[in-house]
Amino acid sequence: AYLDRFQGPHHIEVVCQWRATDVRYAPPGTSRGGPGYFPWAARQLARDPVLVVSKLTGLGPEASTDVENLRTGDDPGFVWIRVGPARRPTGLFGLTFDGPLSTEQPESYEPLIGFAGTMLAIVSRREEEARRREQHRVFESIARGEAVETVLEQVCRLRETGSPGQFCVAWLADDDGRLHPVDPKTSGVALDDFDPCPQDAPEAQTYRLPERKWGLRDAAASDDADPVGARFGAGAVDLIPLVNHSRDEVVGVLAVYDTSRLPLDPGEGAVGDWTELAASLASVAIERVTDLARLAHRATHDSLTGLANRESFLSALERAIADSGPVDRLVAVLYCDVDRFKEFNDRLGHAHGDRFLVAIGRLIEAQVRSPAVVARLGGDEFAIILEQLTDENDALVVAERIRTAVRTSSAAPGSVASVSIGVAVSGSAAEHAEGLLRDADIAMYQAKSSGRDRVEVFAERIRREAHARDRLGRELRVALESGDVDVHYQPMVDLRDGRLMGFEALARWRHPTRGFIPPSEFIPIAEAGGLIGALGERVLERALEVAGEWDGLDLHVNLSARQVDTVGLVEGLLDRVAASHVPVERVALEITESVLLSESAPTLENLGVLASSGVGLVLDDFGTGYASLTYLRRFPFRGIKVDRSFVSGIERSADDATIVSMVLALATSLGLEVIAEGVETVGQEERLREMGCRYVQGFRYSVPIPAQGVAALIDRHGQVDRKGPIEPFGSGGAAPI
């Protein structure tokens with residue numbers, strides 16, 4: 001309706017120039033031109049919103065391009081209206097007449113300015129809708145955990161939406177700090193020859209000195225100073241570091257190259273905010289992908305050593321077994337267990353123990369070659385997959401190399417580290433991962449049983465022995481539940497007069513078909529099978545029943561490390577003692593030095609409460625472990641037991657005699673009684689008496705006897721007549737019993 005007033009004899013054509021090449025909603029019947037069709041008019045409209053030219057012949061040569069693209073008649077006139085801001089208009093809306101204008105007054109065309117504003121609102125709304133769609137795609141890709149390259153390409157498209165003439169590129173750094181473009185052909189500009197980015201380019205400088213940079217390019221400057229910007233033909237570039245905030249490290253750069261004639265500073269309009277939004281989304285995407293990768297790594301790797309865990313090890317072993325068949329090659333599993341790791345861990349603490357395990361893992365890795373897989377299965381156990389082997393000897397060579405490397409290393413401060421290794425080699429078409437790993441584990445157990453620091457190859461004999469141990473463990477559980485595990489008692493004798501001072505309660509198991517099973521065989525099975533607690537309770541309960549018939553004699557009962565470390569042990573134990581007829585001061589609990597080394601909270605609390613309750617504490621197997629004077633001073637021990645390994649050699653070994661003599665002197669100075677274990681000969685008894693040892697125990701006096709034989713032994717040898725706690729021992733002499 002507005003244009004009708006100008007029709008008359010003239011023909012009017014609507015002309016639109018849009019900066020955005022994807023705009024498709026110009027009025028029907030109009031001609032369109034992209035950026036650069038009307039450069040002179042664009043420069044004029046940067047100053048004024050309306051440009052009126054009565055006829056083309058009045059323009060100078062600087063408007064030649066405009067004249068060429070606007071010529072529709074002999075000498076048309078035209079009116080241009082700017083759509084959008086002066087520095088970066090969205091488009092130019094023009095009316096071209098086929099003759100001179102009837103009026104050149106700009107105010108006559110002011111209604112067109114309002115119409116241009118309406119057009120701008122429509123375009124802006126469409127652009128915002130497009131930007132939101134792109135932003136939604138980015139969020140969805142981040143949520144799905146898609147590849148970071150995919151998400152960054154979407155982020156770049158988001159930043160370019162509604163910003164014609166601006167191109168966005170995401171640069172990611174590799175492990176060497178070199179930047180690579182995520183999409184080397186972004187926006188139609190090939191960046192293949194800038195992969196990686198030159199180290200002196202602004203993008204690389206921003207990565208090294210991570211802070212936002214914006215700058216105009218000097219048209220007269222060499223392209224070498226800004227090669228990527230020159231490739232885009234950019235008048236300015238906006239660079240923002242990409243930061244992985246979860247790891248507090250710069251991982252790349254987001255670059256926006258502005259090719260317009262009048263580049264906008266990031267502080268003008270919303271372009272700076274859009275760039276910051278894009279950079280923020282890029283950082284979120286990188287963090288998300290990094291977190292997912294970290295979670296995936298944690299799911300398949302050991303958190304302490306970074307080695308494969310059991311699940312990924314078994315998966316890799318299944319693949320190796322499957323791949324070995326077609327090529328007729330063998331697969332071997334090496335099962336490594338660190339010898340005496342618990343003692344080392346307890347002695348130096350868990351922090352040292354963790355560092356020790358990490359060092360062992362690295363030592364093992366250094367001794368194997370790709371494609372071997374090294375895993376930590378848990379605790380101090382490691383496993384290795386060896387592929388493409390020709391025979392068993394190939395695996396043995398690697399196993400010996402690992403064993404030697406660990407033994408000669410300095411991984412364990414203050415002691416020599418060693419590992420026991422079991423080797424199992426595939427040899428059956430029906431072989432599976434769990435079975436091969438189990439066979440290697442069985443061989444490792446055999447290596448430990450044979451003295452540690454050894455390599456043992458799995459054989460069917462070892463499998464039979466392992467099955468026998470498993471069967472014995474099941475039978476021991478049944479025996480404990482049915483009460484078939486009995487308690488025998490070995491006397492402890494006072495060398496001064498040969499009288500009894502008490503008995504040690506010892507577990508004995510008569511198997512229904514094998515007869516008596518030695519404790520050296522079933523105690524380790526009880527410990528490995530989690531039965532040691534039930535076994536200890538059985539011995540304590542039965543021994544308290546029997547000792548209630550004694551008068552003035554001590555009862556010694558052994559406590560395992562697992563029992564002492566059990567929360568709630570003390571209450572149950574003291575309740576049992578209180579319910580019996582045995583005075584609490586006559587009950588002594590024997591613990592080994594390894595119990596003290598853990599220094600766990602339950603252990604320290606339990607021992608402290610037991611000592612304060614009146615129950616005696618006796619340190620068993622003294623001299624064979626790592627106990628120090630610190631432990632003897634920390635807990636009010638009643639006494640110590642000299643290990644039989646020293647007592648057996650005092651007649652023929654000067655070293656053993658010296659050790660026993662020193663232990664006796666130490667105990668005397670601390671007010672502790674000493675019981676020498678394993679006395680078997682008259683000569684050993686005489687040497688101990690000469691050294692001043694008061695109490696002895698061993699086959700020299702009696703084997704462990706059943707409960708029904710204790711009363712007769714007490715009647716035959718008499719009792720030590722003393723009341724209250726045992727006094728420190730003194731030297732004395734009496735004929736041996």
# chains A, B, ... in the order shown; residues from 1 in each chain; ligands from 1
call {"tool": "select_by_dssp", "arguments": {"residues": "segment 189-372 of chain A", "states": "strand (DSSP E)", "output": "ChimeraX atom specification"}}
result
/A:213-216,236-244,249-258,330-338
call {"tool": "residues_around", "arguments": {"residues": "Val577 of chain A", "least_positions_apart": "2", "cutoff": "12 Å", "atoms": "only C-alpha atoms", "output": "ChimeraX atom specification"}}
result
/A:537,540-545,547-548,555,557,570-575,579-589,610,613-615
call {"tool": "write_last_selection", "arguments": {"atoms": "N, CA, C and O atoms", "output": "short mmCIF file (atom, residue, chain, number, x, y, z; two decimals), in the first residue's frame"}}
result
data_model
loop_
_atom_site.label_atom_id
_atom_site.label_comp_id
_atom_site.auth_asym_id
_atom_site.auth_seq_id
_atom_site.Cartn_x
_atom_site.Cartn_y
_atom_site.Cartn_z
N GLU A 537 37.36 -70.22 68.64
CA GLU A 537 36.26 -70.22 69.61
C GLU A 537 36.02 -71.61 70.18
O GLU A 537 35.74 -71.78 71.37
N LEU A 540 38.81 -72.33 72.74
CA LEU A 540 38.65 -71.56 73.97
C LEU A 540 37.49 -72.10 74.81
O LEU A 540 37.62 -72.27 76.03
N GLU A 541 36.37 -72.36 74.17
CA GLU A 541 35.20 -72.85 74.90
C GLU A 541 35.48 -74.18 75.60
O GLU A 541 35.19 -74.36 76.79
N ARG A 542 36.07 -75.10 74.84
CA ARG A 542 36.35 -76.43 75.41
C ARG A 542 37.43 -76.34 76.48
O ARG A 542 37.33 -77.01 77.53
N ALA A 543 38.47 -75.52 76.26
CA ALA A 543 39.56 -75.42 77.23
C ALA A 543 39.09 -74.81 78.54
O ALA A 543 39.53 -75.22 79.63
N LEU A 544 38.20 -73.83 78.51
CA LEU A 544 37.69 -73.24 79.74
C LEU A 544 36.88 -74.25 80.55
O LEU A 544 36.90 -74.24 81.79
N GLU A 545 36.16 -75.14 79.86
CA GLU A 545 35.42 -76.18 80.56
C GLU A 545 36.36 -77.10 81.33
O GLU A 545 36.13 -77.43 82.50
N ALA A 547 39.65 -76.49 82.14
CA ALA A 547 40.49 -75.78 83.11
C ALA A 547 39.73 -75.41 84.37
O ALA A 547 40.35 -75.07 85.39
N GLY A 548 38.41 -75.46 84.32
CA GLY A 548 37.63 -75.16 85.53
C GLY A 548 37.88 -76.17 86.64
O GLY A 548 37.59 -75.88 87.81
N LEU A 555 46.05 -71.43 82.04
CA LEU A 555 45.55 -71.94 80.76
C LEU A 555 46.02 -70.98 79.67
O LEU A 555 45.69 -69.80 79.69
N VAL A 557 45.89 -70.10 75.66
CA VAL A 557 45.11 -70.33 74.45
C VAL A 557 45.65 -69.41 73.36
O VAL A 557 45.94 -68.23 73.60
N VAL A 570 36.62 -58.89 72.25
CA VAL A 570 36.88 -58.85 73.69
C VAL A 570 35.63 -59.19 74.49
O VAL A 570 35.68 -59.98 75.44
N GLU A 571 34.51 -58.59 74.11
CA GLU A 571 33.29 -58.81 74.89
C GLU A 571 32.94 -60.29 74.96
O GLU A 571 32.67 -60.83 76.05
N GLY A 572 32.96 -60.96 73.81
CA GLY A 572 32.62 -62.37 73.80
C GLY A 572 33.61 -63.21 74.57
O GLY A 572 33.24 -64.14 75.30
N LEU A 573 34.90 -62.89 74.42
CA LEU A 573 35.93 -63.68 75.10
C LEU A 573 35.83 -63.52 76.62
O LEU A 573 35.86 -64.51 77.37
N LEU A 574 35.69 -62.30 77.10
CA LEU A 574 35.61 -62.08 78.54
C LEU A 574 34.33 -62.66 79.12
O LEU A 574 34.31 -63.12 80.28
N ASP A 575 33.26 -62.62 78.34
CA ASP A 575 32.02 -63.24 78.81
C ASP A 575 32.21 -64.74 79.01
O ASP A 575 31.71 -65.33 79.99
N ALA A 579 31.99 -66.72 82.60
CA ALA A 579 31.01 -67.80 82.80
C ALA A 579 31.67 -69.10 83.23
O ALA A 579 30.98 -70.03 83.67
N SER A 580 32.99 -69.20 83.13
CA SER A 580 33.70 -70.42 83.52
C SER A 580 34.13 -70.30 84.99
O SER A 580 33.92 -69.29 85.65
N HIS A 581 34.79 -71.35 85.47
CA HIS A 581 35.31 -71.35 86.84
C HIS A 581 36.81 -71.05 86.86
O HIS A 581 37.48 -71.32 87.87
N VAL A 582 37.30 -70.46 85.78
CA VAL A 582 38.73 -70.16 85.69
C VAL A 582 38.95 -68.69 86.04
O VAL A 582 38.36 -67.81 85.40
N PRO A 583 39.77 -68.38 87.05
CA PRO A 583 40.05 -66.98 87.37
C PRO A 583 40.67 -66.28 86.16
O PRO A 583 41.49 -66.86 85.45
N VAL A 584 40.29 -65.03 85.93
CA VAL A 584 40.74 -64.33 84.74
C VAL A 584 42.26 -64.20 84.71
O VAL A 584 42.88 -64.24 83.65
N GLU A 585 42.89 -64.09 85.89
CA GLU A 585 44.34 -63.93 85.91
C GLU A 585 45.07 -65.22 85.56
O GLU A 585 46.29 -65.21 85.35
N ARG A 586 44.34 -66.36 85.52
CA ARG A 586 44.96 -67.63 85.15
C ARG A 586 44.85 -67.91 83.66
O ARG A 586 45.36 -68.92 83.18
N VAL A 587 44.19 -67.03 82.92
CA VAL A 587 44.03 -67.19 81.48
C VAL A 587 45.08 -66.34 80.76
O VAL A 587 45.20 -65.14 81.02
N ALA A 588 45.84 -66.96 79.89
CA ALA A 588 46.85 -66.25 79.10
C ALA A 588 46.56 -66.48 77.61
O ALA A 588 46.30 -67.62 77.20
N LEU A 589 46.60 -65.42 76.86
CA LEU A 589 46.35 -65.49 75.42
C LEU A 589 47.67 -65.34 74.68
O LEU A 589 48.39 -64.34 74.88
N LEU A 610 42.01 -56.26 76.71
CA LEU A 610 42.34 -57.57 77.28
C LEU A 610 43.38 -57.43 78.39
O LEU A 610 43.25 -58.04 79.47
N SER A 613 41.96 -56.05 81.52
CA SER A 613 40.95 -56.90 82.17
C SER A 613 41.57 -57.92 83.12
O SER A 613 40.86 -58.55 83.90
N GLY A 614 42.87 -58.10 83.06
CA GLY A 614 43.54 -59.09 83.90
C GLY A 614 43.98 -60.31 83.14
O GLY A 614 44.75 -61.14 83.65
N VAL A 615 43.48 -60.48 81.92
CA VAL A 615 43.94 -61.60 81.09
C VAL A 615 45.40 -61.38 80.72
O VAL A 615 45.81 -60.27 80.37
#
call {"tool": "closest_residue", "arguments": {"among": "A:Glu287, A:Glu549, A:Asp391, A:Asp484", "to": "Val331 of chain A", "atoms": "only C-alpha atoms"}}
result
A:Asp391
call {"tool": "select_by_dssp", "arguments": {"residues": "segment 238-371 of chain A", "states": "helix (DSSP H, G or I)", "output": "NGL selection string"}}
result
:A and (271-300 or 310-327 or 341-348 or 350-367)
call {"tool": "write_last_selection", "arguments": {"atoms": "C-alpha atoms", "output": "mmCIF file, in the first residue's frame"}}
result
data_model
loop_
_atom_site.group_PDB
_atom_site.id
_atom_site.type_symbol
_atom_site.label_atom_id
_atom_site.label_comp_id
_atom_site.auth_asym_id
_atom_site.auth_seq_id
_atom_site.Cartn_x
_atom_site.Cartn_y
_atom_site.Cartn_z
ATOM 1 C CA VAL A 271 29.082 -11.787 19.616
ATOM 2 C CA GLY A 272 31.440 -11.915 22.588
ATOM 3 C CA ASP A 273 28.823 -13.685 24.699
ATOM 4 C CA TRP A 274 28.202 -16.197 21.928
ATOM 5 C CA THR A 275 31.903 -16.999 21.737
ATOM 6 C CA GLU A 276 32.125 -17.418 25.517
ATOM 7 C CA LEU A 277 29.059 -19.692 25.437
ATOM 8 C CA ALA A 278 30.642 -21.797 22.700
ATOM 9 C CA ALA A 279 33.908 -22.037 24.616
ATOM 10 C CA SER A 280 32.044 -22.984 27.799
ATOM 11 C CA LEU A 281 30.113 -25.739 26.010
ATOM 12 C CA ALA A 282 33.324 -26.979 24.423
ATOM 13 C CA SER A 283 34.982 -27.181 27.851
ATOM 14 C CA VAL A 284 31.967 -29.023 29.278
ATOM 15 C CA ALA A 285 32.095 -31.498 26.380
ATOM 16 C CA ILE A 286 35.807 -32.110 26.923
ATOM 17 C CA GLU A 287 35.314 -32.613 30.672
ATOM 18 C CA ARG A 288 32.382 -34.949 30.048
ATOM 19 C CA VAL A 289 34.305 -37.087 27.588
ATOM 20 C CA THR A 290 37.342 -37.070 29.884
ATOM 21 C CA ASP A 291 35.210 -38.143 32.848
ATOM 22 C CA LEU A 292 33.602 -40.933 30.828
ATOM 23 C CA ALA A 293 37.023 -42.091 29.669
ATOM 24 C CA ARG A 294 38.262 -41.991 33.261
ATOM 25 C CA LEU A 295 35.258 -44.011 34.434
ATOM 26 C CA ALA A 296 35.775 -46.509 31.618
ATOM 27 C CA HIS A 297 39.442 -46.789 32.561
ATOM 28 C CA ARG A 298 38.563 -47.294 36.219
ATOM 29 C CA ALA A 299 36.145 -50.041 35.257
ATOM 30 C CA THR A 300 38.899 -51.986 33.532
ATOM 31 C CA ARG A 310 40.683 -58.986 36.966
ATOM 32 C CA GLU A 311 37.681 -58.427 34.679
ATOM 33 C CA SER A 312 39.649 -56.934 31.806
ATOM 34 C CA PHE A 313 42.404 -59.525 32.350
ATOM 35 C CA LEU A 314 39.957 -62.397 31.942
ATOM 36 C CA SER A 315 38.449 -60.778 28.830
ATOM 37 C CA ALA A 316 41.905 -60.373 27.309
ATOM 38 C CA LEU A 317 42.759 -63.967 28.238
ATOM 39 C CA GLU A 318 39.615 -65.289 26.532
ATOM 40 C CA ARG A 319 40.558 -63.407 23.348
ATOM 41 C CA ALA A 320 44.136 -64.668 23.517
ATOM 42 C CA ILE A 321 43.002 -68.281 23.886
ATOM 43 C CA ALA A 322 40.559 -67.900 20.988
ATOM 44 C CA ASP A 323 43.246 -66.335 18.759
ATOM 45 C CA SER A 324 45.871 -68.964 19.599
ATOM 46 C CA GLY A 325 43.997 -71.884 18.036
ATOM 47 C CA PRO A 326 44.210 -70.941 14.341
ATOM 48 C CA VAL A 327 47.945 -70.184 14.541
ATOM 49 C CA PHE A 341 53.789 -58.752 51.831
ATOM 50 C CA LYS A 342 51.561 -58.525 54.898
ATOM 51 C CA GLU A 343 54.587 -58.447 57.171
ATOM 52 C CA PHE A 344 56.147 -55.704 55.045
ATOM 53 C CA ASN A 345 52.874 -53.765 54.934
ATOM 54 C CA ASP A 346 52.328 -54.073 58.668
ATOM 55 C CA ARG A 347 55.903 -53.130 59.482
ATOM 56 C CA LEU A 348 56.165 -49.992 57.338
ATOM 57 C CA HIS A 350 49.990 -49.000 54.150
ATOM 58 C CA ALA A 351 51.412 -45.966 52.339
ATOM 59 C CA HIS A 352 54.774 -47.737 51.933
ATOM 60 C CA GLY A 353 52.926 -50.913 51.032
ATOM 61 C CA ASP A 354 51.041 -49.151 48.224
ATOM 62 C CA ARG A 355 54.248 -47.656 46.810
ATOM 63 C CA PHE A 356 55.839 -51.084 47.017
ATOM 64 C CA LEU A 357 53.012 -52.650 44.988
ATOM 65 C CA VAL A 358 53.274 -49.912 42.360
ATOM 66 C CA ALA A 359 57.015 -50.573 42.098
ATOM 67 C CA ILE A 360 56.437 -54.324 41.763
ATOM 68 C CA GLY A 361 53.906 -53.709 38.992
ATOM 69 C CA ARG A 362 56.404 -51.584 37.072
ATOM 70 C CA LEU A 363 59.126 -54.180 37.537
ATOM 71 C CA ILE A 364 56.870 -56.871 36.106
ATOM 72 C CA GLU A 365 55.856 -54.663 33.156
ATOM 73 C CA ALA A 366 59.502 -54.004 32.375
ATOM 74 C CA GLN A 367 60.222 -57.732 32.044
#
call {"tool": "atom_distance", "arguments": {"atom1": "atom CA of Glu140 of chain A", "atom2": "atom CA of Gln154 of chain A"}}
result
10.7 Å
call {"tool": "residues_around", "arguments": {"residues": "segment 522-535 of chain A", "least_positions_apart": "4", "cutoff": "8 Å", "atoms": "only C-alpha atoms", "output": "list of chain:residue names"}}
result
A:Arg469, A:Leu472, A:Gly473, A:Leu476, A:Arg477, A:Leu480, A:Ala507, A:Ile517, A:Pro518, A:Val539, A:Ser560, A:Arg562, A:Gln563
call {"tool": "write_last_selection", "arguments": {"atoms": "all heavy atoms", "output": "mmCIF file, in the first residue's frame"}}
result
data_model
loop_
_atom_site.group_PDB
_atom_site.id
_atom_site.type_symbol
_atom_site.label_atom_id
_atom_site.label_comp_id
_atom_site.auth_asym_id
_atom_site.auth_seq_id
_atom_site.Cartn_x
_atom_site.Cartn_y
_atom_site.Cartn_z
ATOM 1 N N ARG A 469 43.219 -80.175 49.147
ATOM 2 C CA ARG A 469 43.139 -79.110 50.154
ATOM 3 C C ARG A 469 41.718 -78.558 50.235
ATOM 4 O O ARG A 469 41.199 -78.306 51.327
ATOM 5 C CB ARG A 469 44.127 -77.990 49.826
ATOM 6 C CG ARG A 469 45.575 -78.328 50.125
ATOM 7 C CD ARG A 469 46.434 -77.082 50.106
ATOM 8 N NE ARG A 469 46.400 -76.403 48.817
ATOM 9 C CZ ARG A 469 47.228 -76.664 47.809
ATOM 10 N NH1 ARG A 469 48.156 -77.607 47.956
ATOM 11 N NH2 ARG A 469 47.145 -76.013 46.669
ATOM 12 N N LEU A 472 39.626 -81.034 52.037
ATOM 13 C CA LEU A 472 39.934 -81.038 53.465
ATOM 14 C C LEU A 472 39.328 -79.813 54.155
ATOM 15 O O LEU A 472 38.871 -79.892 55.301
ATOM 16 C CB LEU A 472 41.448 -81.073 53.662
ATOM 17 C CG LEU A 472 41.951 -81.512 55.043
ATOM 18 C CD1 LEU A 472 41.500 -82.933 55.337
ATOM 19 C CD2 LEU A 472 43.471 -81.404 55.120
ATOM 20 N N GLY A 473 39.328 -78.681 53.443
ATOM 21 C CA GLY A 473 38.713 -77.486 54.012
ATOM 22 C C GLY A 473 37.222 -77.669 54.241
ATOM 23 O O GLY A 473 36.676 -77.257 55.278
ATOM 24 N N LEU A 476 36.822 -79.940 57.205
ATOM 25 C CA LEU A 476 37.118 -79.244 58.461
ATOM 26 C C LEU A 476 35.918 -78.407 58.903
ATOM 27 O O LEU A 476 35.594 -78.350 60.101
ATOM 28 C CB LEU A 476 38.348 -78.357 58.286
ATOM 29 C CG LEU A 476 38.747 -77.513 59.505
ATOM 30 C CD1 LEU A 476 39.039 -78.398 60.714
ATOM 31 C CD2 LEU A 476 39.960 -76.629 59.178
ATOM 32 N N ARG A 477 35.250 -77.771 57.948
ATOM 33 C CA ARG A 477 34.058 -76.989 58.291
ATOM 34 C C ARG A 477 32.987 -77.898 58.911
ATOM 35 O O ARG A 477 32.364 -77.537 59.918
ATOM 36 C CB ARG A 477 33.518 -76.302 57.040
ATOM 37 C CG ARG A 477 32.341 -75.372 57.298
ATOM 38 C CD ARG A 477 31.851 -74.747 56.005
ATOM 39 N NE ARG A 477 32.886 -73.954 55.367
ATOM 40 C CZ ARG A 477 33.130 -72.684 55.679
ATOM 41 N NH1 ARG A 477 32.416 -72.081 56.624
ATOM 42 N NH2 ARG A 477 34.080 -72.030 55.044
ATOM 43 N N LEU A 480 34.009 -78.868 62.463
ATOM 44 C CA LEU A 480 33.789 -77.798 63.440
ATOM 45 C C LEU A 480 32.315 -77.683 63.793
ATOM 46 O O LEU A 480 31.949 -77.476 64.955
ATOM 47 C CB LEU A 480 34.304 -76.470 62.879
ATOM 48 C CG LEU A 480 35.823 -76.292 62.848
ATOM 49 C CD1 LEU A 480 36.209 -75.037 62.067
ATOM 50 C CD2 LEU A 480 36.369 -76.217 64.270
ATOM 51 N N ALA A 507 44.518 -77.341 69.296
ATOM 52 C CA ALA A 507 43.477 -77.996 68.508
ATOM 53 C C ALA A 507 44.014 -79.289 67.903
ATOM 54 O O ALA A 507 45.132 -79.336 67.386
ATOM 55 C CB ALA A 507 42.989 -77.056 67.410
ATOM 56 N N ILE A 517 45.050 -85.443 61.737
ATOM 57 C CA ILE A 517 45.625 -84.513 60.757
ATOM 58 C C ILE A 517 46.524 -83.552 61.516
ATOM 59 O O ILE A 517 46.075 -82.912 62.475
ATOM 60 C CB ILE A 517 44.522 -83.718 60.021
ATOM 61 C CG1 ILE A 517 43.480 -84.654 59.408
ATOM 62 C CG2 ILE A 517 45.140 -82.797 58.977
ATOM 63 C CD1 ILE A 517 43.987 -85.487 58.283
ATOM 64 N N PRO A 518 47.796 -83.444 61.171
ATOM 65 C CA PRO A 518 48.675 -82.554 61.922
ATOM 66 C C PRO A 518 48.226 -81.094 61.813
ATOM 67 O O PRO A 518 47.709 -80.668 60.779
ATOM 68 C CB PRO A 518 50.043 -82.762 61.259
ATOM 69 C CG PRO A 518 49.746 -83.336 59.925
ATOM 70 C CD PRO A 518 48.487 -84.137 60.066
ATOM 71 N N VAL A 539 38.253 -74.021 70.531
ATOM 72 C CA VAL A 539 39.333 -74.359 71.461
ATOM 73 C C VAL A 539 39.140 -73.630 72.785
ATOM 74 O O VAL A 539 39.274 -74.223 73.874
ATOM 75 C CB VAL A 539 40.694 -74.010 70.830
ATOM 76 C CG1 VAL A 539 41.816 -74.157 71.860
ATOM 77 C CG2 VAL A 539 40.973 -74.900 69.622
ATOM 78 N N SER A 560 44.533 -66.122 66.804
ATOM 79 C CA SER A 560 45.060 -65.819 65.475
ATOM 80 C C SER A 560 44.975 -64.321 65.206
ATOM 81 O O SER A 560 44.251 -63.583 65.886
ATOM 82 C CB SER A 560 44.272 -66.569 64.402
ATOM 83 O OG SER A 560 42.947 -66.050 64.311
ATOM 84 N N ARG A 562 43.535 -62.932 62.721
ATOM 85 C CA ARG A 562 42.177 -62.571 62.298
ATOM 86 C C ARG A 562 41.260 -62.404 63.494
ATOM 87 O O ARG A 562 40.409 -61.516 63.526
ATOM 88 C CB ARG A 562 41.629 -63.633 61.350
ATOM 89 C CG ARG A 562 40.248 -63.327 60.822
ATOM 90 C CD ARG A 562 39.880 -64.225 59.666
ATOM 91 N NE ARG A 562 40.771 -64.025 58.535
ATOM 92 C CZ ARG A 562 40.623 -64.640 57.356
ATOM 93 N NH1 ARG A 562 39.602 -65.474 57.174
ATOM 94 N NH2 ARG A 562 41.463 -64.425 56.385
ATOM 95 N N GLN A 563 41.432 -63.238 64.523
ATOM 96 C CA GLN A 563 40.610 -63.086 65.719
ATOM 97 C C GLN A 563 40.899 -61.771 66.427
ATOM 98 O O GLN A 563 39.985 -61.050 66.818
ATOM 99 C CB GLN A 563 40.860 -64.254 66.675
ATOM 100 C CG GLN A 563 40.242 -65.579 66.256
ATOM 101 C CD GLN A 563 40.582 -66.667 67.239
ATOM 102 O OE1 GLN A 563 41.701 -67.193 67.227
ATOM 103 N NE2 GLN A 563 39.645 -66.998 68.101
#
call {"tool": "residues_around", "arguments": {"residues": "Thr150 of chain A", "least_positions_apart": "5", "cutoff": "9 Å", "atoms": "only C-alpha atoms", "output": "number ranges by chain"}}
result
A: 141, 155, 182
call {"tool": "write_last_selection", "arguments": {"atoms": "all heavy atoms", "output": "PDB file, in the first residue's frame"}}
result
ATOM      1  N   SER A 141      24.379 -34.297  22.476  1.00  0.00           N
ATOM      2  CA  SER A 141      25.621 -35.024  22.176  1.00  0.00           C
ATOM      3  C   SER A 141      26.477 -35.164  23.423  1.00  0.00           C
ATOM      4  O   SER A 141      27.098 -36.216  23.654  1.00  0.00           O
ATOM      5  CB  SER A 141      26.398 -34.287  21.082  1.00  0.00           C
ATOM      6  OG  SER A 141      25.668 -34.275  19.871  1.00  0.00           O
ATOM      7  N   VAL A 155      29.624 -27.468  18.250  1.00  0.00           N
ATOM      8  CA  VAL A 155      29.841 -26.197  18.942  1.00  0.00           C
ATOM      9  C   VAL A 155      30.265 -25.116  17.949  1.00  0.00           C
ATOM     10  O   VAL A 155      29.804 -23.965  18.018  1.00  0.00           O
ATOM     11  CB  VAL A 155      30.894 -26.365  20.056  1.00  0.00           C
ATOM     12  CG1 VAL A 155      31.358 -25.005  20.575  1.00  0.00           C
ATOM     13  CG2 VAL A 155      30.334 -27.195  21.196  1.00  0.00           C
ATOM     14  N   VAL A 182      39.966 -29.639  14.872  1.00  0.00           N
ATOM     15  CA  VAL A 182      39.018 -30.742  15.005  1.00  0.00           C
ATOM     16  C   VAL A 182      38.422 -31.096  13.656  1.00  0.00           C
ATOM     17  O   VAL A 182      38.304 -32.263  13.296  1.00  0.00           O
ATOM     18  CB  VAL A 182      37.916 -30.365  16.011  1.00  0.00           C
ATOM     19  CG1 VAL A 182      36.777 -31.377  15.963  1.00  0.00           C
ATOM     20  CG2 VAL A 182      38.494 -30.311  17.412  1.00  0.00           C
TER      21      VAL A 182
END
call {"tool": "closest_residue", "arguments": {"among": "A:Gly639, A:Val397, A:Arg687, A:Ala372", "to": "Ser653 of chain A", "atoms": "only C-alpha atoms"}}
result
A:Arg687
call {"tool": "atom_distance", "arguments": {"atom1": "atom CA of Arg510 of chain A", "atom2": "atom CA of Asp486 of chain A"}}
result
7.9 Å
call {"tool": "residues_around", "arguments": {"residues": "Pro198 of chain A", "least_positions_apart": "5", "cutoff": "9 Å", "atoms": "only C-alpha atoms", "output": "JSON, numbers by chain"}}
result
{"A": [178, 179, 203, 204, 227, 228]}
call {"tool": "write_last_selection", "arguments": {"atoms": "N, CA and C atoms", "output": "short mmCIF file (atom, residue, chain, number, x, y, z; two decimals), in the first residue's frame"}}
result
data_model
loop_
_atom_site.label_atom_id
_atom_site.label_comp_id
_atom_site.auth_asym_id
_atom_site.auth_seq_id
_atom_site.Cartn_x
_atom_site.Cartn_y
_atom_site.Cartn_z
N ARG A 178 50.93 -29.89 20.81
CA ARG A 178 50.69 -29.37 19.47
C ARG A 178 49.20 -29.31 19.20
N LEU A 179 48.74 -28.22 18.58
CA LEU A 179 47.33 -28.03 18.32
C LEU A 179 46.94 -28.62 16.97
N GLU A 203 47.20 -18.92 17.61
CA GLU A 203 46.48 -19.99 18.28
C GLU A 203 47.38 -20.74 19.26
N ALA A 204 48.59 -21.07 18.80
CA ALA A 204 49.54 -21.78 19.66
C ALA A 204 50.01 -20.90 20.81
N PRO A 227 49.23 -17.36 9.88
CA PRO A 227 48.95 -18.13 8.66
C PRO A 227 47.51 -18.63 8.57
N VAL A 228 46.90 -19.03 9.69
CA VAL A 228 45.54 -19.55 9.64
C VAL A 228 44.56 -18.43 9.35
#
